[in-house]
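Structure, as structure tokens:
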Amino acid sequence: MAIQTLELLDFRIYTQAAVEFDPGLTVIVGENGQGKTSLLEAISWIAGRGSFRGVADDSLIRIGAAAAIIRANVTGPDGRQQLIEVELPRVGRNRVQINRQALRRKGDLIGVVPVTIFSPDDLELVKGGPAGRRRWLDDGAASLQPSHDALCSELEKILKQRNALLRSSGGRLDTDGAFTLDVWDAKLATTGEALRDGRETLLSELVPRLSTAYDAVAGKPADISAAYLPSWEGELATALEQARTIDLRRGLSTIGPHRDEITLHIGDTPARTHASQGEQRSLVLAMRLAVDALVRQNGTAEPLLLLDDVFSELDAGRAEALLEALPEGQRLLTTATWVPPTATPDRVLKVTAGTVTEVRG
């Protein structure tokens, strides 16, 4: 899997740009704020992920423009060419096409262009709250089974409706309200248990790969463990019934897969609170590499590797180790400072104020 060309129109800082990438390693250099990360952000969008920086679609539209356009020519593992086109309007619905055929939603792109993304913000996967770790599992599960993304979307819709009913109830339900809440509870129980099962299955497959990847980037062996901790015991339907009084009083859903935790340990100690920053960085890199390894083993296409300025956050030893641990394939690496001396890019691009030029020699 490789992206040959990427065209942008009114995307972020770019008025218009057309960029060619090498099927091997492309290094993208430039000062901060010039548009390097935006190139990877556009690729993240056509991979069905949206912005990997977590911003809303309207923030991707250039100031003063009515819409942003992303267009990419992609070569699949069988050599087949695909044209992916995305329009992000400031008003109205997004439009997504593959080979001029419309898709219903962004999530239908998942699996078409699988990607593994490394970002400086990834440290929050270890240091931050459980939402980032849940998203890490959900993204990985969706890469292996696109229907998992549909489960996540369904959960979001159910919680939105259920929470709206809880808030409007004022802590008490009439007969109609109780019936409606029963309906949403049944939907939440079915979707929630399926989502939890998918996450738990994936995590069990990732744990041995986490240790292998951590050893590679840290340069020393460690026993890495992870556990999935649901926010309920037994059947979710029963737990929701038991939590109804609390949910009504608080006006929100207090249990479900949206409240689950994933714990990470290095040896016997929790990584979130006891690991050094170097250990946490190694673990974050291992988390990305572990998912990538599993997708490569079980998927139909090798993921593209997108590395957004990660080497500036690593010491020389970990930077070299990460570069050595990266699998073969298309790799796009942005940097404002340096890359490890062992990096031998096939193409170097320079980005200045939304203009991309190729650096020769």
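Chain labels run A, B, ... following the order of the structure tokens; each chain numbers its residues from 1, and ligands are numbered from 1 in the order shown.
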Practice problem: Fewer than 2 positions away in the same chain doesn't count, so skip those; otherwise give me all residues within 9 Å of A:Leu151, counting only C-alpha atoms, as a PyMOL selection string. | Solution: chain A and resi 147-149+153-156+191-192+194-195
How would the residues just picked look written out with all heavy atoms as an mmCIF file, in the first residue's frame?
```
data_model
loop_
_atom_site.group_PDB
_atom_site.id
_atom_site.type_symbol
_atom_site.label_atom_id
_atom_site.label_comp_id
_atom_site.auth_asym_id
_atom_site.auth_seq_id
_atom_site.Cartn_x
_atom_site.Cartn_y
_atom_site.Cartn_z
ATOM 1 N N SER A 147 -16.017 -3.237 10.849
ATOM 2 C CA SER A 147 -17.316 -3.195 11.522
ATOM 3 C C SER A 147 -17.187 -2.695 12.956
ATOM 4 O O SER A 147 -18.176 -2.236 13.543
ATOM 5 C CB SER A 147 -17.966 -4.583 11.524
ATOM 6 O OG SER A 147 -17.153 -5.526 12.209
ATOM 7 N N HIS A 148 -15.980 -2.767 13.525
ATOM 8 C CA HIS A 148 -15.781 -2.233 14.879
ATOM 9 C C HIS A 148 -16.004 -0.725 14.894
ATOM 10 O O HIS A 148 -16.530 -0.184 15.878
ATOM 11 C CB HIS A 148 -14.374 -2.562 15.385
ATOM 12 C CG HIS A 148 -14.142 -2.188 16.817
ATOM 13 N ND1 HIS A 148 -14.382 -3.048 17.863
ATOM 14 C CD2 HIS A 148 -13.703 -1.039 17.384
ATOM 15 C CE1 HIS A 148 -14.106 -2.446 19.007
ATOM 16 N NE2 HIS A 148 -13.696 -1.217 18.746
ATOM 17 N N ASP A 149 -15.627 -0.048 13.827
ATOM 18 C CA ASP A 149 -15.852 1.400 13.753
ATOM 19 C C ASP A 149 -17.344 1.703 13.752
ATOM 20 O O ASP A 149 -17.784 2.686 14.358
ATOM 21 C CB ASP A 149 -15.196 1.975 12.500
ATOM 22 C CG ASP A 149 -15.369 3.480 12.395
ATOM 23 O OD1 ASP A 149 -14.767 4.200 13.211
ATOM 24 O OD2 ASP A 149 -16.115 3.935 11.504
ATOM 25 N N SER A 153 -19.467 4.111 16.359
ATOM 26 C CA SER A 153 -20.412 5.149 15.937
ATOM 27 C C SER A 153 -21.790 4.906 16.549
ATOM 28 O O SER A 153 -22.472 5.849 16.976
ATOM 29 C CB SER A 153 -20.507 5.184 14.412
ATOM 30 O OG SER A 153 -19.272 5.532 13.836
ATOM 31 N N GLU A 154 -22.208 3.650 16.595
ATOM 32 C CA GLU A 154 -23.501 3.311 17.173
ATOM 33 C C GLU A 154 -23.533 3.631 18.666
ATOM 34 O O GLU A 154 -24.518 4.171 19.181
ATOM 35 C CB GLU A 154 -23.798 1.831 16.949
ATOM 36 C CG GLU A 154 -25.139 1.367 17.480
ATOM 37 C CD GLU A 154 -26.330 1.990 16.766
ATOM 38 O OE1 GLU A 154 -26.151 2.570 15.669
ATOM 39 O OE2 GLU A 154 -27.450 1.918 17.308
ATOM 40 N N LEU A 155 -22.446 3.318 19.373
ATOM 41 C CA LEU A 155 -22.377 3.637 20.791
ATOM 42 C C LEU A 155 -22.511 5.142 21.014
ATOM 43 O O LEU A 155 -23.231 5.588 21.924
ATOM 44 C CB LEU A 155 -21.058 3.140 21.384
ATOM 45 C CG LEU A 155 -20.829 3.512 22.850
ATOM 46 C CD1 LEU A 155 -21.781 2.744 23.759
ATOM 47 C CD2 LEU A 155 -19.380 3.291 23.265
ATOM 48 N N GLU A 156 -21.832 5.920 20.184
ATOM 49 C CA GLU A 156 -21.891 7.376 20.315
ATOM 50 C C GLU A 156 -23.321 7.883 20.172
ATOM 51 O O GLU A 156 -23.777 8.740 20.950
ATOM 52 C CB GLU A 156 -20.979 7.999 19.246
ATOM 53 C CG GLU A 156 -20.511 9.382 19.550
ATOM 54 C CD GLU A 156 -19.483 9.859 18.542
ATOM 55 O OE1 GLU A 156 -18.459 9.177 18.358
ATOM 56 O OE2 GLU A 156 -19.719 10.914 17.927
ATOM 57 N N THR A 191 -24.796 -3.235 22.148
ATOM 58 C CA THR A 191 -23.647 -2.602 21.512
ATOM 59 C C THR A 191 -22.447 -2.557 22.452
ATOM 60 O O THR A 191 -21.306 -2.816 22.053
ATOM 61 C CB THR A 191 -24.009 -1.176 21.058
ATOM 62 O OG1 THR A 191 -25.107 -1.237 20.151
ATOM 63 C CG2 THR A 191 -22.823 -0.498 20.376
ATOM 64 N N GLY A 192 -22.704 -2.237 23.710
ATOM 65 C CA GLY A 192 -21.623 -2.102 24.675
ATOM 66 C C GLY A 192 -20.876 -3.390 24.916
ATOM 67 O O GLY A 192 -19.644 -3.396 24.997
ATOM 68 N N ALA A 194 -20.667 -5.970 22.846
ATOM 69 C CA ALA A 194 -19.934 -6.308 21.628
ATOM 70 C C ALA A 194 -18.649 -5.485 21.513
ATOM 71 O O ALA A 194 -17.592 -5.999 21.130
ATOM 72 C CB ALA A 194 -20.821 -6.079 20.402
ATOM 73 N N LEU A 195 -18.735 -4.207 21.882
ATOM 74 C CA LEU A 195 -17.564 -3.344 21.824
ATOM 75 C C LEU A 195 -16.510 -3.782 22.837
ATOM 76 O O LEU A 195 -15.321 -3.868 22.527
ATOM 77 C CB LEU A 195 -17.989 -1.900 22.080
ATOM 78 C CG LEU A 195 -16.992 -0.794 21.743
ATOM 79 C CD1 LEU A 195 -16.599 -0.832 20.291
ATOM 80 C CD2 LEU A 195 -17.594 0.566 22.083
#
```
Practice problem: Excluding A:Val359 and residues on its chain fewer than 5 positions from it, collect all residues at most 12 Å away from it, counting only C-alpha atoms, and give them as a list of chain:residue names. | Solution: A:Thr26, A:Val27, A:Ile28, A:Val29, A:Gly30, A:Pro345, A:Asp346, A:Arg347, A:Val348, A:Leu349, A:Lys350, A:Val351
Under the rule of at most 12 Å, produce a per-residue listing of stretch 86-177 of chain A near stretch 74-80 of chain A: chain, number, name, the closest pair of atoms, and the distance in Å, as JSON lines, using only C-alpha atoms.
```
{"residue": "A:Ile98", "atom": "CA", "partner": "A:Val74", "partner_atom": "CA", "distance": 10.3}
{"residue": "A:Asn99", "atom": "CA", "partner": "A:Val74", "partner_atom": "CA", "distance": 10.6}
{"residue": "A:Gly111", "atom": "CA", "partner": "A:Gly76", "partner_atom": "CA", "distance": 11.0}
{"residue": "A:Val112", "atom": "CA", "partner": "A:Gly76", "partner_atom": "CA", "distance": 8.4}
{"residue": "A:Val113", "atom": "CA", "partner": "A:Val74", "partner_atom": "CA", "distance": 8.0}
{"residue": "A:Pro114", "atom": "CA", "partner": "A:Gly76", "partner_atom": "CA", "distance": 10.5}
```
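The smallest atom-to-atom distance between A:His258 and any of A:Pro327, A:Pro303, A:Pro23, A:Pro130, using only C-alpha atoms, is found for A:Pro130.
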Practice problem: Per DSSP on the backbone, filter stretch 148-358 of chain A down to the residues in strand (DSSP E) and report them as a VMD selection string. | Solution: chain A and resid 224 to 229 261 to 266 269 to 270 304 to 308 331 to 335 347 to 352 355 to 358
